[in-house]
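Printed here is final29.txt (compact mmCIF, C-alpha atoms):
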```txt
# COMPACT_ATOMS: atom_id res chain seq x y z
CA MET Y 4 4.58 -91.58 7.79
CA SER Y 5 0.95 -92.10 6.86
CA SER Y 6 1.70 -95.09 4.65
CA GLU Y 7 3.57 -96.73 7.53
CA VAL Y 8 0.60 -96.47 9.83
CA LYS Y 9 -1.98 -97.65 7.30
CA GLY Y 10 -3.23 -101.19 7.31
CA THR Y 11 -2.73 -101.79 10.99
CA HIS Y 12 -4.77 -104.98 11.14
CA ASP Y 13 -3.41 -108.37 10.36
CA ALA Y 14 -6.36 -109.65 8.37
CA GLY Y 15 -5.43 -113.30 8.75
CA ALA Y 16 -5.08 -113.36 12.51
CA ASP Y 17 -7.64 -112.75 15.24
CA ARG Y 18 -4.93 -111.71 17.64
CA PHE Y 19 -4.51 -107.98 18.05
CA GLU Y 20 -1.20 -106.87 16.64
CA PRO Y 21 -0.66 -103.26 17.64
CA LYS Y 22 0.88 -100.73 15.34
CA ILE Y 23 3.30 -98.66 17.36
CA LEU Y 24 5.19 -95.67 16.07
CA VAL Y 25 8.49 -94.76 17.71
CA PHE Y 26 10.11 -91.40 17.08
CA CYS Y 27 13.80 -91.63 18.00
CA CYS Y 28 16.21 -88.74 18.18
CA ASN Y 29 19.26 -89.21 16.01
CA TRP Y 30 21.88 -88.63 18.71
CA CYS Y 31 20.70 -90.72 21.64
CA SER Y 32 17.61 -92.87 21.25
CA TYR Y 33 18.26 -94.06 17.72
CA ALA Y 34 21.75 -95.12 18.78
CA GLY Y 35 20.14 -96.81 21.80
CA ALA Y 36 17.75 -98.64 19.49
CA ASP Y 37 20.68 -99.61 17.29
CA LEU Y 38 22.55 -100.91 20.31
CA ALA Y 39 19.52 -102.97 21.33
CA GLY Y 40 19.48 -104.46 17.82
CA VAL Y 41 23.21 -105.11 17.68
CA SER Y 42 23.02 -106.69 21.14
CA ARG Y 43 20.28 -108.97 19.78
CA LEU Y 44 17.87 -108.05 22.55
CA GLN Y 45 14.45 -109.57 22.01
CA MET Y 46 11.61 -107.11 21.43
CA PRO Y 47 8.02 -107.32 20.21
CA PRO Y 48 8.01 -106.73 16.44
CA TYR Y 49 5.06 -104.33 16.39
CA PHE Y 50 6.87 -101.03 16.31
CA ARG Y 51 8.25 -98.87 13.53
CA VAL Y 52 11.05 -96.44 14.18
CA ILE Y 53 11.15 -93.01 12.61
CA ARG Y 54 14.46 -91.25 13.07
CA VAL Y 55 14.33 -87.51 13.66
CA MET Y 56 17.26 -85.20 14.31
CA CYS Y 57 15.85 -84.17 17.69
CA SER Y 58 12.80 -85.20 19.70
CA ALA Y 59 11.71 -81.57 19.37
CA ARG Y 60 11.37 -82.22 15.63
CA VAL Y 61 8.28 -84.25 16.47
CA ASP Y 62 5.62 -81.69 15.77
CA PRO Y 63 2.40 -82.29 17.71
CA GLU Y 64 0.78 -82.51 14.30
CA PHE Y 65 2.80 -85.67 13.53
CA VAL Y 66 1.37 -87.36 16.59
CA LEU Y 67 -2.20 -86.32 15.86
CA ARG Y 68 -1.89 -87.33 12.21
CA ALA Y 69 -0.55 -90.72 13.20
CA PHE Y 70 -3.46 -91.27 15.58
CA LYS Y 71 -5.85 -90.14 12.85
CA LYS Y 72 -4.32 -92.67 10.46
CA GLY Y 73 -4.79 -95.48 12.97
CA ALA Y 74 -1.65 -95.79 15.08
CA ASP Y 75 -2.36 -97.65 18.32
CA GLY Y 76 0.43 -96.09 20.29
CA ILE Y 77 3.17 -93.52 19.85
CA LEU Y 78 6.45 -93.43 21.71
CA VAL Y 79 8.69 -90.40 21.53
CA ALA Y 80 12.24 -91.12 22.65
CA GLY Y 81 14.78 -88.39 23.22
CA CYS Y 82 18.00 -87.59 25.02
CA HIS Y 83 18.02 -87.32 28.79
CA PRO Y 84 17.32 -83.83 30.18
CA ALA Y 85 20.43 -81.63 29.86
CA ASP Y 86 21.94 -84.07 27.31
CA CYS Y 87 20.14 -82.71 24.25
CA HIS Y 88 22.45 -82.22 21.26
CA TYR Y 89 20.55 -79.00 20.54
CA ILE Y 90 20.69 -77.81 24.17
CA GLY Y 91 17.00 -77.70 25.05
CA GLY Y 92 15.04 -79.64 22.44
CA ASN Y 93 13.90 -82.33 24.83
CA TYR Y 94 12.44 -79.77 27.24
CA ARG Y 95 10.24 -78.49 24.42
CA THR Y 96 9.19 -82.04 23.65
CA ARG Y 97 8.23 -82.60 27.28
CA ARG Y 98 5.90 -79.59 27.20
CA ARG Y 99 4.33 -80.65 23.92
CA ILE Y 100 3.74 -84.22 25.03
CA ALA Y 101 2.10 -83.02 28.26
CA LEU Y 102 -0.25 -80.89 26.18
CA LEU Y 103 -0.92 -83.67 23.68
CA LYS Y 104 -1.79 -86.09 26.46
CA MET Y 105 -4.46 -83.67 27.58
CA LEU Y 106 -5.74 -83.15 24.02
CA ILE Y 107 -5.98 -86.81 23.06
CA GLN Y 108 -8.13 -87.45 26.11
CA GLN Y 109 -10.63 -84.98 24.68
CA PHE Y 110 -11.39 -87.29 21.77
CA GLY Y 111 -11.49 -90.52 23.69
CA TYR Y 112 -7.89 -91.73 23.59
CA ASP Y 113 -6.23 -93.07 26.70
CA PRO Y 114 -3.26 -90.78 27.47
CA ASP Y 115 -1.14 -93.92 27.97
CA ARG Y 116 -1.21 -94.38 24.19
CA LEU Y 117 1.32 -91.59 24.01
CA ARG Y 118 4.57 -91.92 25.90
CA LEU Y 119 7.74 -89.91 26.22
CA GLU Y 120 10.94 -91.62 27.31
CA TRP Y 121 14.52 -90.53 27.71
CA ILE Y 122 16.90 -93.11 26.22
CA SER Y 123 20.60 -92.45 25.76
CA ALA Y 124 22.94 -94.02 23.22
CA GLY Y 125 24.25 -96.53 25.76
CA GLU Y 126 20.84 -97.66 26.99
CA GLY Y 127 20.02 -100.48 24.62
CA GLU Y 128 18.46 -102.45 27.43
CA LYS Y 129 16.30 -99.50 28.44
CA PHE Y 130 15.08 -99.24 24.85
CA GLN Y 131 14.16 -102.92 24.84
CA LYS Y 132 12.44 -102.64 28.22
CA THR Y 133 10.53 -99.52 27.15
CA ILE Y 134 9.33 -101.12 23.92
CA THR Y 135 8.26 -104.29 25.72
CA GLU Y 136 6.38 -102.38 28.42
CA PHE Y 137 4.76 -100.01 25.96
CA THR Y 138 3.63 -102.89 23.72
CA GLU Y 139 2.10 -104.59 26.77
CA THR Y 140 0.31 -101.36 27.69
CA ILE Y 141 -1.09 -101.02 24.17
CA ASN Y 142 -2.11 -104.67 24.15
CA GLU Y 143 -4.05 -104.07 27.35
CA LEU Y 144 -5.68 -100.95 25.93
CA GLY Y 145 -6.61 -102.75 22.70
CA PRO Y 146 -7.06 -101.25 19.22
CA THR Y 147 -7.19 -97.51 18.74
CA PRO Y 148 -10.64 -95.86 18.99
CA MET Y 149 -10.25 -95.08 15.27
CA ARG Y 150 -10.63 -98.81 14.65
CA GLY Y 151 -13.40 -99.41 17.12
CA GLY Y 152 -11.30 -99.90 20.22
CA GLY Y 153 -11.40 -98.05 23.51
CA MET K 20 -25.34 -85.47 16.76
CA ARG K 21 -21.85 -85.19 18.21
CA MET K 22 -18.68 -84.41 16.27
CA GLU K 23 -17.02 -87.45 14.80
CA ARG K 24 -13.62 -88.43 16.12
CA LYS K 25 -11.72 -87.45 12.97
CA ALA K 26 -13.18 -83.95 13.15
CA ARG K 27 -12.14 -83.68 16.79
CA ILE K 28 -8.61 -84.76 15.93
CA GLU K 29 -8.58 -82.13 13.21
CA ALA K 30 -9.71 -79.53 15.77
CA ALA K 31 -6.87 -80.66 18.06
CA ARG K 32 -4.42 -80.37 15.17
CA ARG K 33 -5.53 -76.81 14.53
CA THR K 34 -5.18 -76.11 18.24
CA VAL K 35 -1.54 -77.20 18.43
CA GLU K 36 -0.82 -75.36 15.18
CA GLY K 37 -2.48 -72.21 16.48
CA GLU K 38 -0.53 -69.13 17.42
CA ARG K 39 -1.77 -68.95 21.01
CA VAL K 40 -0.69 -72.46 22.04
CA ARG K 41 2.57 -72.37 20.10
CA TRP K 42 3.46 -69.04 21.67
CA LEU K 43 2.77 -70.33 25.17
CA LEU K 44 4.79 -73.51 24.57
CA GLY K 45 7.71 -71.53 23.20
CA LYS K 46 7.79 -68.96 26.01
CA LYS K 47 7.88 -71.35 28.95
CA GLY K 48 11.46 -70.60 29.94
CA GLN K 49 10.96 -66.86 29.79
CA LEU K 50 7.63 -66.85 31.62
CA THR K 51 8.82 -69.04 34.49
CA THR K 52 12.32 -67.61 34.97
CA THR K 53 12.92 -64.02 33.80
CA GLY K 54 9.22 -63.16 33.69
CA ASN K 55 7.20 -60.85 31.49
CA VAL K 56 8.04 -57.23 30.56
CA PHE K 57 7.31 -56.22 34.17
CA GLY K 58 9.65 -58.90 35.50
CA GLU K 59 6.73 -60.95 36.83
CA ALA K 60 7.53 -64.66 36.69
CA ILE K 61 4.98 -67.43 37.19
CA THR K 62 5.42 -70.84 38.78
CA ASP K 63 5.61 -74.05 36.75
CA ALA K 64 2.24 -75.14 38.13
CA ARG K 65 0.63 -71.85 37.11
CA TYR K 66 2.22 -72.11 33.67
CA SER K 67 0.85 -75.63 33.19
CA PHE K 68 -2.60 -74.46 34.24
CA ILE K 69 -2.51 -71.56 31.76
CA VAL K 70 -1.36 -73.76 28.87
CA GLN K 71 -3.97 -76.44 29.56
CA LYS K 72 -6.72 -73.87 29.85
CA ALA K 73 -5.66 -72.05 26.67
CA ALA K 74 -5.52 -75.34 24.77
CA ALA K 75 -8.97 -76.37 26.05
CA VAL K 76 -10.47 -73.03 24.97
CA GLU K 77 -8.76 -73.16 21.58
CA LEU K 78 -9.96 -76.72 21.06
CA GLU K 79 -13.55 -75.65 21.66
CA ARG K 80 -13.19 -72.62 19.38
CA ASN K 81 -11.69 -74.72 16.61
CA SER K 82 -14.48 -77.28 16.95
CA LEU K 83 -17.06 -74.51 16.60
CA LEU K 84 -15.17 -72.91 13.74
CA MET K 85 -15.07 -76.20 11.85
CA GLN K 86 -18.84 -76.51 12.20
CA MET K 87 -19.34 -72.99 10.91
CA GLU K 88 -17.03 -73.67 7.97
CA ARG K 89 -19.57 -76.24 6.77
CA GLY K 90 -22.28 -73.61 6.62
CA PRO K 91 -24.29 -71.14 8.72
CA ARG K 92 -25.09 -72.46 12.21
CA THR K 93 -27.16 -71.23 15.11
CA VAL K 94 -26.05 -71.55 18.73
CA HIS K 95 -28.53 -74.41 19.20
CA GLU K 96 -27.12 -76.30 16.21
CA LEU K 97 -23.58 -75.74 17.45
CA HIS K 98 -24.59 -77.06 20.86
CA ASP K 99 -26.12 -80.17 19.30
CA ALA K 100 -23.07 -80.77 17.13
CA THR K 101 -20.32 -80.21 19.68
CA GLY K 102 -21.88 -80.70 23.10
CA ILE K 103 -20.43 -77.42 24.36
CA SER K 104 -22.77 -75.51 26.69
CA LYS K 105 -24.74 -72.66 25.10
CA PRO K 106 -23.40 -69.86 27.36
CA GLU K 107 -19.89 -71.04 26.54
CA ILE K 108 -20.68 -71.06 22.80
CA VAL K 109 -21.93 -67.48 23.05
CA ARG K 110 -18.67 -66.45 24.74
CA HIS K 111 -16.68 -68.16 21.97
CA ILE K 112 -18.81 -66.51 19.28
CA ILE K 113 -18.12 -63.08 20.78
CA ALA K 114 -14.37 -63.81 20.69
CA LEU K 115 -14.46 -65.27 17.18
CA LYS K 116 -16.42 -62.25 15.91
CA LYS K 117 -13.92 -59.92 17.56
CA TRP K 118 -11.10 -61.65 15.68
CA ARG K 119 -13.16 -61.58 12.46
CA LEU K 120 -13.10 -65.31 12.06
CA ILE K 121 -16.88 -65.54 11.83
CA GLU K 122 -19.77 -63.27 10.91
CA GLN K 123 -23.53 -63.29 11.20
CA ALA K 124 -24.98 -64.82 8.06
CA GLY K 125 -28.71 -64.39 8.70
CA MET K 126 -31.51 -65.55 10.95
CA LYS K 127 -33.14 -68.92 11.44
CA GLY K 128 -36.42 -68.14 13.16
CA GLN K 129 -35.36 -65.91 16.00
CA SER K 130 -31.82 -67.29 16.24
CA PRO K 131 -28.90 -65.64 14.44
CA GLN K 132 -26.80 -67.87 12.22
CA TYR K 133 -23.05 -67.56 12.08
CA THR K 134 -20.64 -68.63 9.39
CA ALA K 135 -16.86 -68.82 9.21
CA LEU K 136 -15.00 -66.23 7.19
CA PRO K 137 -12.18 -67.27 4.85
CA LYS K 138 -8.81 -67.28 6.59
CA ARG K 139 -6.72 -64.14 6.25
CA ILE K 140 -3.00 -64.30 5.67
CA GLY K 141 -0.83 -62.06 7.82
CA ALA K 142 -1.71 -60.29 11.05
CA GLY K 143 -1.80 -56.92 9.27
CA GLU K 144 -5.06 -57.82 7.57
CA VAL K 145 -6.83 -58.62 10.83
CA ASN K 146 -7.56 -55.10 11.99
```
Could you spell out this file's structure in structure tokens?
Amino acid sequence: MSSEVKGTHDAGADRFEPKILVFCCNWCSYAGADLAGVSRLQMPPYFRVIRVMCSARVDPEFVLRAFKKGADGILVAGCHPADCHYIGGNYRTRRRIALLKMLIQQFGYDPDRLRLEWISAGEGEKFQKTITEFTETINELGPTPMRGGG
Amino acid sequence: MRMERKARIEAARRTVEGERVRWLLGKKGQLTTTGNVFGEAITDARYSFIVQKAAAVELERNSLLMQMERGPRTVHELHDATGISKPEIVRHIIALKKWRLIEQAGMKGQSPQYTALPKRIGAGEVN
């Protein structure tokens, strides 16, 4: 993961190109992302997808380590509530993300840099819309405080 | 001098890895539905308040602990490094001493210095 987040600046361009990390659960969101790709939906190219078996696999440490390594934004995508393949994984994720949003504020990060979204396997369009909106949000927020941003 | 951002992220990482926060996150369903051993359940709002407060306290303690891992520190030095109020630091020091995570290492003028103890493995050793 760390190598993916490193080198987040495009040295040749002045334009800010955000580095966004997307954790997708294997059963819903990853299939949704796949559907968005197969459907040829246009999306900003600044995100990297990491597939996990469940959104609850995303340890809070992963998120903090990614921010430490210079990620500008992190999106965690999981199954809709009550649709989790592992019964209640997404409820755990919701609790963790709420806590992480509070923690990242303590060291100067905007809580909007971390987002949790429920995306099912049939919601390719929702995946595209979420990525587009999140990229716009990160563009507005600018580079991560780790790289001198706000 | 305030703590650098990387150190604060590290303190946050320790906080979410810590037993107290992990336990609270894992017990949400039980605490808000069936309740504790006395059958006392709490509301979702109360649960959120408890988790946020516990995380905030743990974050401060981990920040202080990280400072004391670098060497002996007085309360004044800890205040300068972390920005946490001195009465609050004293409360944290009392708790950290109780859990044998720190000990008094000496005196600097009239102020006691505290240093972090090496981590112990297993709850049985922390008695």
Note to self: Distance limit 9 Å, atoms considered: only C-alpha atoms. Which chain Y residues sit that close to chain K? Return them as an MDAnalysis selection string.
What the structure shows: chainID Y and resid 62:64 67:68 70:71 95 98:99 101:103 105:107 109:111 148:149
Note to self: From the options K:Arg92, K:Lys138, K:Arg110, K:Lys105, which residue's atoms come nearest to Ala124 of chain K, counting all atoms listed in the file?
What the structure shows: K:Arg92
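Minimum atom-to-atom distance to Ile61 of chain K, evaluated using all atoms listed in the file, belongs to K:Gln49 out of K:Asn81, K:Gln86, K:Gln49, K:Gln132.
Distances here use all atoms listed in the file; by that measure, the residue among Y:His88, Y:Arg43, Y:Arg116, Y:Lys72 closest to Ile100 of chain Y is Y:Arg116.
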Note to self: For a quick check of understanding, using all atoms listed in the file, which of K:Glu107, K:Thr93, K:Phe68, K:Ile112 has the smallest distance to Met126 of chain K?
What the structure shows: K:Thr93
Note to self: With all atoms listed in the file as the counted atoms, please give the residues lying no more than 7 Å from Gln131 of chain Y, apart from itself and same-chain residues fewer than 6 positions off, as a list of chain:residue names.
What the structure shows: Y:Ala39, Y:Leu44, Y:Met46
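For the choices Y:Arg51, Y:Arg118, Y:Lys104, Y:Arg97, the atom-to-atom distance to Pro21 of chain Y is smallest for Y:Arg51 when using all atoms listed in the file.
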Using only C-alpha atoms, find each residue in segment 69-144 of chain Y having at least one atom no more than 10 Å away from segment 28-38 of chain Y; report its shortest atom-to-atom pair and that distance in Å (one decimal), rows by chain then rising number, as JSON lines.
```
{"residue": "Y:Val79", "atom": "CA", "partner": "Y:Cys28", "partner_atom": "CA", "distance": 8.4}
{"residue": "Y:Ala80", "atom": "CA", "partner": "Y:Ser32", "partner_atom": "CA", "distance": 5.8}
{"residue": "Y:Gly81", "atom": "CA", "partner": "Y:Cys28", "partner_atom": "CA", "distance": 5.3}
{"residue": "Y:Cys82", "atom": "CA", "partner": "Y:Cys31", "partner_atom": "CA", "distance": 5.3}
{"residue": "Y:His83", "atom": "CA", "partner": "Y:Cys31", "partner_atom": "CA", "distance": 8.4}
{"residue": "Y:Asp86", "atom": "CA", "partner": "Y:Cys31", "partner_atom": "CA", "distance": 8.8}
{"residue": "Y:Cys87", "atom": "CA", "partner": "Y:Trp30", "partner_atom": "CA", "distance": 8.3}
{"residue": "Y:His88", "atom": "CA", "partner": "Y:Trp30", "partner_atom": "CA", "distance": 6.9}
{"residue": "Y:Tyr89", "atom": "CA", "partner": "Y:Trp30", "partner_atom": "CA", "distance": 9.9}
{"residue": "Y:Asn93", "atom": "CA", "partner": "Y:Cys28", "partner_atom": "CA", "distance": 9.5}
{"residue": "Y:Glu120", "atom": "CA", "partner": "Y:Ser32", "partner_atom": "CA", "distance": 9.1}
{"residue": "Y:Trp121", "atom": "CA", "partner": "Y:Ser32", "partner_atom": "CA", "distance": 7.5}
{"residue": "Y:Ile122", "atom": "CA", "partner": "Y:Ser32", "partner_atom": "CA", "distance": 5.0}
{"residue": "Y:Ser123", "atom": "CA", "partner": "Y:Cys31", "partner_atom": "CA", "distance": 4.5}
{"residue": "Y:Ala124", "atom": "CA", "partner": "Y:Gly35", "partner_atom": "CA", "distance": 4.2}
{"residue": "Y:Gly125", "atom": "CA", "partner": "Y:Gly35", "partner_atom": "CA", "distance": 5.7}
{"residue": "Y:Glu126", "atom": "CA", "partner": "Y:Gly35", "partner_atom": "CA", "distance": 5.3}
{"residue": "Y:Gly127", "atom": "CA", "partner": "Y:Gly35", "partner_atom": "CA", "distance": 4.6}
{"residue": "Y:Glu128", "atom": "CA", "partner": "Y:Gly35", "partner_atom": "CA", "distance": 8.1}
{"residue": "Y:Lys129", "atom": "CA", "partner": "Y:Gly35", "partner_atom": "CA", "distance": 8.1}
{"residue": "Y:Phe130", "atom": "CA", "partner": "Y:Ala36", "partner_atom": "CA", "distance": 6.0}
{"residue": "Y:Gln131", "atom": "CA", "partner": "Y:Ala36", "partner_atom": "CA", "distance": 7.7}
{"residue": "Y:Ile134", "atom": "CA", "partner": "Y:Ala36", "partner_atom": "CA", "distance": 9.8}
```
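Note that the spacing between atom CA of Ser82 of chain K and atom CA of Val109 of chain K amounts to 13.7 Å.
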Next item on the list: Pick out the closest residue to Thr135 of chain Y from this set: Y:Gly152, Y:Gly73, Y:Pro47, Y:Pro84. Count only C-alpha atoms.
Entry: Y:Pro47
Next item on the list: Compile the contact shell of Phe26 of chain Y as a list in words: residues with an atom at most 7 Å away, counting all atoms listed in the file, same-chain residues fewer than 3 positions apart removed.
Entry: Val52, Ile53, Arg54, Val55, Leu78, Val79 and Ala80 of chain Y
Notebook entry, point to check: Expressed in Å to a single decimal, how great is the separation between atom CA of Asp17 of chain Y and atom CA of Gly40 of chain Y?
Noted result: 28.5 Å
Next item on the list: Between atom CA of Cys27 of chain Y and atom CA of Glu38 of chain K, measure the distance and give it in Å to one decimal.
Entry: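 Between atom CA of Cys27 of chain Y and atom CA of Glu38 of chain K the gap works out to 26.7 Å.
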